[in-house]
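Enquirer: What follows is the file protein-v1.csv, containing CSV, C-alpha atoms and all ligand atoms:
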chain,number,residue,atom,x,y,z
X,1,MET,CA,7.9,-23.1,-0.5
X,2,SER,CA,10.2,-22.9,-3.4
X,3,GLN,CA,13.8,-23.6,-2.4
X,4,GLU,CA,14.7,-21.6,-5.5
X,5,ILE,CA,13.4,-18.4,-3.9
X,6,VAL,CA,15.2,-19.0,-0.7
X,7,SER,CA,18.5,-19.7,-2.5
X,8,LYS,CA,18.0,-16.6,-4.6
X,9,VAL,CA,17.5,-14.4,-1.6
X,10,SER,CA,20.3,-16.0,0.2
X,11,SER,CA,22.8,-15.5,-2.6
X,12,TYR,CA,21.6,-11.9,-3.2
X,13,LEU,CA,22.0,-10.9,0.5
X,14,THR,CA,25.2,-13.0,0.8
X,15,PRO,CA,26.0,-15.7,3.4
X,16,HIS,CA,26.7,-12.9,6.0
X,17,VAL,CA,22.9,-12.5,6.4
X,18,PRO,CA,21.5,-15.7,8.0
X,19,LEU,CA,17.8,-16.1,7.1
X,20,ASN,CA,15.0,-17.8,8.8
X,21,LEU,CA,11.8,-18.2,6.7
X,22,ILE,CA,8.7,-17.3,8.7
X,23,ALA,CA,5.9,-16.7,6.2
X,24,GLN,CA,5.0,-16.9,2.6
X,25,GLY,CA,1.9,-14.9,1.7
X,26,ALA,CA,0.3,-14.3,-1.7
X,27,GLU,CA,2.5,-11.3,-2.2
X,28,ALA,CA,5.7,-11.7,-0.3
X,29,VAL,CA,8.2,-14.1,1.4
X,30,VAL,CA,9.1,-13.0,4.9
X,31,PHE,CA,12.3,-13.9,6.8
X,32,THR,CA,13.8,-13.0,10.1
X,33,THR,CA,17.5,-12.3,10.5
X,34,ASN,CA,19.8,-11.0,13.3
X,35,VAL,CA,21.8,-8.8,10.9
X,36,HIS,CA,21.2,-5.1,10.5
X,37,PRO,CA,22.0,-3.8,7.0
X,38,TYR,CA,24.2,-1.0,8.2
X,39,LEU,CA,25.4,-1.7,11.8
X,40,PRO,CA,28.3,-4.0,12.5
X,41,ALA,CA,27.2,-7.5,13.5
X,42,LYS,CA,28.3,-7.1,17.1
X,43,ASP,CA,25.9,-4.1,17.6
X,44,SER,CA,22.8,-5.9,16.4
X,45,SER,CA,23.3,-9.5,17.5
X,46,ASN,CA,20.5,-9.4,20.1
X,47,LYS,CA,17.9,-7.9,17.8
X,48,SER,CA,15.8,-9.5,15.1
X,49,TYR,CA,14.8,-7.9,11.8
X,50,ILE,CA,12.3,-8.7,9.2
X,51,ILE,CA,13.2,-9.1,5.5
X,52,LYS,CA,10.2,-8.9,3.3
X,53,TYR,CA,10.9,-10.0,-0.3
X,54,ARG,CA,8.5,-9.8,-3.2
X,55,PRO,CA,9.5,-12.5,-5.6
X,56,ALA,CA,9.1,-12.3,-9.4
X,57,LYS,CA,5.8,-13.7,-10.6
X,58,ARG,CA,6.4,-15.9,-13.7
X,59,TYR,CA,2.8,-15.4,-15.0
X,60,ARG,CA,3.4,-11.7,-15.5
X,61,HIS,CA,5.4,-10.1,-18.3
X,62,PRO,CA,8.9,-9.4,-16.9
X,63,LEU,CA,8.7,-5.7,-17.6
X,64,ILE,CA,5.3,-5.3,-15.9
X,65,ASP,CA,6.4,-7.6,-13.1
X,66,ARG,CA,9.5,-5.5,-12.4
X,67,SER,CA,7.4,-2.3,-12.5
X,68,LEU,CA,4.8,-3.7,-10.1
X,69,THR,CA,7.3,-5.0,-7.7
X,70,LYS,CA,9.1,-1.6,-7.6
X,71,HIS,CA,5.8,0.2,-7.2
X,72,ARG,CA,4.5,-2.0,-4.4
X,73,THR,CA,7.8,-2.1,-2.5
X,74,LEU,CA,8.1,1.6,-2.8
X,75,SER,CA,4.6,2.3,-1.8
X,76,GLU,CA,4.8,0.1,1.3
X,77,SER,CA,8.1,1.6,2.4
X,78,ARG,CA,6.9,5.2,1.8
X,79,LEU,CA,3.8,4.5,3.8
X,80,LEU,CA,5.7,2.9,6.7
X,81,ALA,CA,8.1,5.8,6.8
X,82,LYS,CA,5.2,8.4,6.9
X,83,LEU,CA,3.2,6.4,9.5
X,84,PHE,CA,6.2,6.0,11.8
X,85,LEU,CA,6.3,9.8,12.2
X,86,ILE,CA,2.7,10.2,13.4
X,87,PRO,CA,2.7,10.7,17.2
X,88,GLY,CA,1.2,7.8,19.0
X,89,LEU,CA,0.8,5.6,16.0
X,90,LYS,CA,2.7,2.3,16.4
X,91,VAL,CA,4.1,0.7,13.3
X,92,PRO,CA,7.5,-1.1,12.8
X,93,GLN,CA,10.4,1.1,11.8
X,94,LEU,CA,11.6,0.8,8.2
X,95,ILE,CA,15.3,0.2,8.2
X,96,ALA,CA,16.1,-0.2,4.5
X,97,CYS,CA,14.5,-0.7,1.1
X,98,ASP,CA,15.7,-2.0,-2.2
X,99,VAL,CA,12.7,-1.2,-4.4
X,100,TYR,CA,14.1,-2.4,-7.7
X,101,ASN,CA,14.7,-5.9,-6.2
X,102,GLY,CA,11.7,-6.0,-4.0
X,103,TYR,CA,13.3,-6.0,-0.5
X,104,LEU,CA,12.2,-4.3,2.7
X,105,TRP,CA,14.2,-4.5,5.9
X,106,ILE,CA,12.0,-3.8,8.9
X,107,GLU,CA,12.2,-3.8,12.6
X,108,PHE,CA,11.0,-7.1,14.1
X,109,LEU,CA,8.2,-6.8,16.7
X,110,GLY,CA,6.5,-9.2,19.1
X,111,GLU,CA,7.4,-12.5,20.8
X,112,ASP,CA,6.2,-16.0,21.3
X,113,LEU,CA,3.2,-16.2,23.7
X,114,PRO,CA,3.5,-18.5,26.7
X,115,ASN,CA,2.4,-22.1,26.7
X,116,ASN,CA,2.9,-22.5,22.9
X,117,GLY,CA,0.4,-19.8,22.3
X,118,GLY,CA,2.1,-18.9,19.0
X,119,PHE,CA,3.4,-15.5,17.8
X,120,SER,CA,2.0,-12.5,19.7
X,121,ASN,CA,-0.5,-11.2,17.1
X,122,LEU,CA,-4.0,-10.2,18.1
X,123,LYS,CA,-5.5,-13.5,16.8
X,124,ASN,CA,-3.3,-15.7,18.9
X,125,PHE,CA,-3.6,-13.4,21.9
X,126,LEU,CA,-7.4,-13.7,21.9
X,127,TRP,CA,-7.1,-17.5,21.6
X,128,MET,CA,-4.8,-17.5,24.6
X,129,PHE,CA,-7.5,-15.9,26.8
X,130,ALA,CA,-10.4,-17.7,25.2
X,131,SER,CA,-9.9,-20.8,27.4
X,132,SER,CA,-9.1,-19.0,30.6
X,133,ASP,CA,-10.8,-15.6,30.9
X,134,PRO,CA,-12.0,-14.1,27.6
X,135,TYR,CA,-13.1,-10.9,29.4
X,136,ASP,CA,-9.9,-10.5,31.4
X,137,PRO,CA,-9.1,-6.8,32.0
X,138,ILE,CA,-5.9,-7.2,29.9
X,139,VAL,CA,-8.0,-8.2,26.9
X,140,LYS,CA,-10.2,-5.2,27.4
X,141,GLU,CA,-7.3,-2.8,27.8
X,142,THR,CA,-5.5,-4.3,24.7
X,143,LEU,CA,-8.6,-4.2,22.5
X,144,ILE,CA,-9.2,-0.6,23.4
X,145,LYS,CA,-5.6,0.2,22.5
X,146,VAL,CA,-6.1,-1.6,19.2
X,147,GLY,CA,-9.1,0.5,18.5
X,148,GLN,CA,-7.1,3.6,19.4
X,149,GLN,CA,-4.4,2.6,16.9
X,150,ILE,CA,-6.9,2.2,14.1
X,151,GLY,CA,-8.6,5.5,15.1
X,152,LEU,CA,-5.2,7.3,14.9
X,153,LEU,CA,-4.5,5.7,11.5
X,154,HIS,CA,-7.9,6.7,10.1
X,155,TRP,CA,-8.0,10.1,11.8
X,156,ASN,CA,-4.7,10.9,10.0
X,157,ASP,CA,-6.3,9.8,6.7
X,158,TYR,CA,-4.5,6.5,6.1
X,159,CYS,CA,-6.1,3.1,5.6
X,160,HIS,CA,-4.6,-0.3,6.1
X,161,GLY,CA,-6.3,-2.3,3.3
X,162,ASP,CA,-5.9,-5.7,5.0
X,163,LEU,CA,-6.7,-5.2,8.6
X,164,THR,CA,-6.9,-8.8,10.0
X,165,SER,CA,-6.2,-9.8,13.5
X,166,SER,CA,-2.9,-11.4,12.3
X,167,ASN,CA,-1.7,-8.0,11.0
X,168,ILE,CA,-1.9,-6.5,14.6
X,169,VAL,CA,1.2,-7.5,16.6
X,170,LEU,CA,1.3,-7.1,20.3
X,171,VAL,CA,4.5,-5.9,22.0
X,172,ARG,CA,4.8,-6.6,25.7
X,173,GLU,CA,5.3,-3.5,27.8
X,174,GLY,CA,6.0,-4.4,31.4
X,175,PHE,CA,4.6,-7.6,32.9
X,176,GLN,CA,0.9,-7.5,32.0
X,177,SER,CA,0.5,-4.8,29.4
X,178,TRP,CA,0.6,-5.1,25.6
X,179,GLN,CA,1.0,-2.4,23.0
X,180,PRO,CA,-0.5,-3.1,19.6
X,181,TYR,CA,1.4,-2.3,16.5
X,182,LEU,CA,-0.1,-2.4,13.0
X,183,ILE,CA,2.0,-4.3,10.4
X,184,ASP,CA,1.8,-5.2,6.7
X,185,PHE,CA,1.0,-2.0,4.8
X,186,GLY,CA,1.3,-3.8,1.4
X,187,LEU,CA,-2.3,-2.8,0.6
X,188,GLY,CA,-2.3,0.4,2.6
X,189,SER,CA,-2.9,3.9,1.3
X,190,SER,CA,-3.3,7.5,2.1
X,191,SER,CA,-7.1,8.0,1.9
X,192,ASN,CA,-9.7,10.3,3.4
X,193,MET,CA,-12.5,8.2,2.0
X,194,VAL,CA,-15.0,7.0,4.6
X,195,GLU,CA,-15.6,3.9,2.4
X,196,ASP,CA,-11.9,2.8,2.8
X,197,LYS,CA,-12.2,3.3,6.6
X,198,GLY,CA,-15.5,1.5,6.8
X,199,VAL,CA,-14.0,-1.5,4.9
X,200,ASP,CA,-11.0,-1.6,7.2
X,201,LEU,CA,-13.3,-1.8,10.3
X,202,TYR,CA,-15.5,-4.4,8.6
X,203,VAL,CA,-12.5,-6.6,7.7
X,204,LEU,CA,-11.3,-6.5,11.3
X,205,GLU,CA,-14.8,-7.2,12.5
X,206,ARG,CA,-15.1,-10.3,10.2
X,207,ALA,CA,-11.7,-11.5,11.4
X,208,ILE,CA,-12.9,-11.2,15.1
X,209,VAL,CA,-16.3,-12.7,14.5
X,210,SER,CA,-15.0,-15.7,12.5
X,211,THR,CA,-12.3,-16.7,15.1
X,212,HIS,CA,-13.9,-15.5,18.4
X,213,SER,CA,-17.6,-15.6,17.7
X,214,LEU,CA,-18.7,-16.2,21.3
X,215,PHE,CA,-17.1,-13.0,22.6
X,216,ALA,CA,-17.2,-10.9,19.4
X,217,GLU,CA,-19.9,-8.5,20.5
X,218,THR,CA,-18.0,-7.4,23.6
X,219,TYR,CA,-14.7,-7.3,21.7
X,220,LYS,CA,-16.2,-5.2,19.0
X,221,GLU,CA,-17.5,-2.8,21.6
X,222,TRP,CA,-14.1,-2.4,23.2
X,223,LEU,CA,-12.4,-1.9,19.8
X,224,MET,CA,-15.0,0.8,18.9
X,225,ASP,CA,-14.5,2.5,22.3
X,226,GLY,CA,-10.9,2.9,21.6
X,227,PHE,CA,-11.5,4.0,18.0
X,228,SER,CA,-14.1,6.6,19.0
X,229,GLN,CA,-11.9,8.0,21.8
X,230,VAL,CA,-9.4,9.2,19.2
X,231,TYR,CA,-12.1,10.9,17.0
X,232,ARG,CA,-13.9,12.4,20.1
X,233,GLY,CA,-10.5,13.8,21.3
X,234,ASN,CA,-10.7,16.1,18.2
X,235,GLY,CA,-13.8,18.1,19.2
X,236,SER,CA,-16.9,18.7,17.2
X,237,ASN,CA,-15.1,18.0,13.9
X,238,GLY,CA,-14.0,14.6,15.3
X,239,GLU,CA,-17.6,13.8,16.4
X,240,LYS,CA,-18.9,14.7,13.0
X,241,LYS,CA,-16.3,12.5,11.2
X,242,LEU,CA,-16.8,9.7,13.6
X,243,LYS,CA,-20.5,9.6,12.8
X,244,GLU,CA,-19.6,9.5,9.1
X,245,VAL,CA,-17.2,6.6,9.5
X,246,ILE,CA,-19.5,4.6,11.7
X,247,SER,CA,-22.5,5.1,9.4
X,248,ARG,CA,-20.4,3.9,6.4
X,249,PHE,CA,-19.1,1.0,8.5
X,250,GLN,CA,-22.7,0.0,9.1
X,251,GLU,CA,-23.4,0.3,5.3
X,252,VAL,CA,-20.4,-1.9,4.4
X,253,ARG,CA,-21.6,-4.4,7.0
X,254,MET,CA,-25.1,-4.5,5.4
X,255,ARG,CA,-23.6,-5.0,2.0
X,256,GLY,CA,-21.4,-7.8,3.3
X,257,ARG,CA,-24.5,-9.5,4.9
X,258,LYS,CA,-26.5,-9.2,1.7
X,259,ARG,CA,-23.6,-10.6,-0.3
X,260,SER,CA,-23.2,-13.6,2.0
X,261,MET,CA,-27.0,-14.3,1.9
X,262,ILE,CA,-27.1,-14.2,-1.9
X,263,GLY,CA,-23.9,-16.3,-2.0
D,301,LIG,N1,7.6,-6.2,11.6
D,301,LIG,C1,7.3,-7.5,11.9
D,301,LIG,N2,7.6,-8.0,13.1
D,301,LIG,C2,7.2,-9.3,13.4
D,301,LIG,N3,6.6,-10.1,12.5
D,301,LIG,C3,6.3,-9.6,11.3
D,301,LIG,C4,6.6,-8.3,10.9
D,301,LIG,N4,6.3,-8.1,9.6
D,301,LIG,C5,5.7,-9.3,9.2
D,301,LIG,N5,5.8,-10.2,10.2
D,301,LIG,C6,5.3,-11.6,10.2
D,301,LIG,O1,5.3,-12.1,8.8
D,301,LIG,C7,3.9,-12.4,8.4
D,301,LIG,C8,3.8,-12.0,7.0
D,301,LIG,O2,4.1,-10.6,6.8
D,301,LIG,P1,3.2,-9.6,6.0
D,301,LIG,O3,1.8,-9.8,6.4
D,301,LIG,O4,3.8,-8.3,6.0
D,301,LIG,O5,3.4,-10.3,4.5
D,301,LIG,P2,2.3,-10.6,3.4
D,301,LIG,O6,3.0,-11.4,2.3
D,301,LIG,O7,1.7,-9.3,3.0
D,301,LIG,O8,1.4,-11.5,4.2
D,301,LIG,P3,-0.1,-11.9,3.8
D,301,LIG,O9,-0.2,-12.2,2.3
D,301,LIG,O10,-0.4,-13.1,4.7
D,301,LIG,O11,-0.9,-10.6,4.2
D,301,LIG,C9,3.1,-11.6,9.4
D,301,LIG,O12,1.8,-12.2,9.6
D,301,LIG,C10,3.9,-11.7,10.7
D,301,LIG,O13,3.7,-12.9,11.3
Please go through the file and, once you have read it, give me the structure as structure tokens.

Expert:
Amino acid sequence: MSQEIVSKVSSYLTPHVPLNLIAQGAEAVVFTTNVHPYLPAKDSSNKSYIIKYRPAKRYRHPLIDRSLTKHRTLSESRLLAKLFLIPGLKVPQLIACDVYNGYLWIEFLGEDLPNNGGFSNLKNFLWMFASSDPYDPIVKETLIKVGQQIGLLHWNDYCHGDLTSSNIVLVREGFQSWQPYLIDFGLGSSSNMVEDKGVDLYVLERAIVSTHSLFAETYKEWLMDGFSQVYRGNGSNGEKKLKEVISRFQEVRMRGRKRSMIG
């Protein structure tokens, strides 16, 4: 990780904003901080926030780079703000954005899992149960809820674009219950196309199969149960649309299989 980027962020945000680097993806550098951009420090000291920064890419022309950064930061923040208003859909709250400089300030979600299980995303959560009881009722309940969240997203004609098990964060509710939240809408879009929905479902299926292959069949069933519940809750129109999405999902899966056989 380039120290240069960290220094740049730190000097832009001033020393009043302590930063803890937690991730560097292809697109963005992600920090946590305990400082809220608007509230006085004493009001926010127990909470954590995410600062997502899209650094400049040297290989792009500076003008194009600035325009792309602005466009992507704006698009992610708009999407988050719209999704946050959909009843029942769980996404982190957008707190602030600085689109010209590529910064998003977002509510921090999740926690560390017990026994060094890592951060509470779906991937680590399933690993945690893999060695004890992979078919624990908590796993079932959580995967059904994950399916419901994806169902709600798609039913409202939005797509995620990078629906991996790391982009689903679990927030503890009570002692033994977890609420899934969808994060990272950098590639998300408003879309009513069954193709985009089928691809979302396929990407998640691949993520589950590749990391939890032994239990994947059951996990997929639970996910699709939750997903279908949302569509079926919308009457005959929901049933019709559900069939279309599932049929396209199967088509996307077939294309994926052919591609991996051909190489
Ligand atoms: N709101 C949040 N609450 C808690 N953790 C978060 C949040 N947003 C992001 N993270 C953490 O930071 C990581 C990277 O964030 P995000 O996926 O948004 O960035 P990215 O650069 O698009 O990543 P990638 O290129 O890996 O997809 C996430 O996997 C997650 O661990």

Enquirer: Dig up all the protein and nucleic acid residues within 12 Å of (-16.9, 8.3, 12.3) in the file frame, using only C-alpha atoms, and format them as number ranges by chain.

Expert: X: 150-151, 154-155, 192-195, 197-198, 201, 224-225, 227-232, 234, 236-250

Enquirer: Between X:Ser77, X:Asn115, X:Gln24, X:Ser10, which residue has the minimum interatomic distance to ligand LIG 301 (chain D), considering only C-alpha atoms and all ligand atoms?

Expert: X:Gln24

Enquirer: Kindly provide, as a short mmCIF file (atom, residue, chain, number, x, y, z; two decimals) with C-alpha atoms, keeping the file's coordinate frame, all nucleotide and amino acid residues lying within 6 Å of ligand LIG 301 (chain D), counting all atoms listed in the file.

Expert:
data_model
loop_
_atom_site.label_atom_id
_atom_site.label_comp_id
_atom_site.auth_asym_id
_atom_site.auth_seq_id
_atom_site.Cartn_x
_atom_site.Cartn_y
_atom_site.Cartn_z
CA ALA X 23 5.90 -16.70 6.20
CA GLN X 24 5.00 -16.90 2.60
CA GLY X 25 1.90 -14.90 1.70
CA ALA X 26 0.30 -14.30 -1.70
CA GLU X 27 2.50 -11.30 -2.20
CA ALA X 28 5.70 -11.70 -0.30
CA VAL X 29 8.20 -14.10 1.40
CA VAL X 30 9.10 -13.00 4.90
CA ILE X 50 12.30 -8.70 9.20
CA PRO X 92 7.50 -1.10 12.80
CA ILE X 106 12.00 -3.80 8.90
CA GLU X 107 12.20 -3.80 12.60
CA PHE X 108 11.00 -7.10 14.10
CA LEU X 109 8.20 -6.80 16.70
CA GLY X 110 6.50 -9.20 19.10
CA SER X 166 -2.90 -11.40 12.30
CA ASN X 167 -1.70 -8.00 11.00
CA ILE X 183 2.00 -4.30 10.40
CA ASP X 184 1.80 -5.20 6.70
CA GLY X 186 1.30 -3.80 1.40
#

Enquirer: From the options X:Leu187, X:Leu170, X:Leu143, X:Val99, which residue's atoms come nearest to His71 of chain X, counting all atoms listed in the file?

Expert: X:Val99

Enquirer: Tell me which of X:Val171, X:Asn101, X:Leu79, X:Glu221 sits closest to Asp157 of chain X, counting all atoms listed in the file.

Expert: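 Using all atoms listed in the file, the shortest distance to Asp157 of chain X belongs to X:Leu79.
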
Enquirer: Between X:Ile168, X:Leu39, X:Ile51, X:Leu68, single out the one closest to Leu19 of chain X, counting all atoms listed in the file.

Expert: X:Ile51

Enquirer: Could you jot down the atom CA of Ile86 of chain X to atom CA of Gly147 of chain X separation for me, Å, one decimal place?

Expert: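 Between these atoms lies a distance of 16.1 Å.
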
Enquirer: Nearest to Phe215 of chain X: which of X:Leu153, X:Ala130, X:Leu122, X:Ile22 is it, counting all atoms listed in the file?

Expert: X:Ala130

Enquirer: Can you tell me how far atom CA of Lys90 of chain X sits from atom CA of Tyr49 of chain X, in Å to one decimal?

Expert: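 So the two atoms, atom CA of Lys90 of chain X and atom CA of Tyr49 of chain X, lie 16.5 Å apart.
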
Enquirer: In Å, how far is it from atom CA of Tyr219 of chain X to atom CA of Ser189 of chain X?

Expert: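 Between these atoms lies a distance of 26.1 Å.
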
Enquirer: Using all atoms listed in the file, find the one residue out of X:Leu104, X:Leu152, X:Ala56, X:Val146 that sits nearest to Leu204 of chain X.

Expert: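 Ranked by minimum distance to Leu204 of chain X, first place goes to X:Val146.
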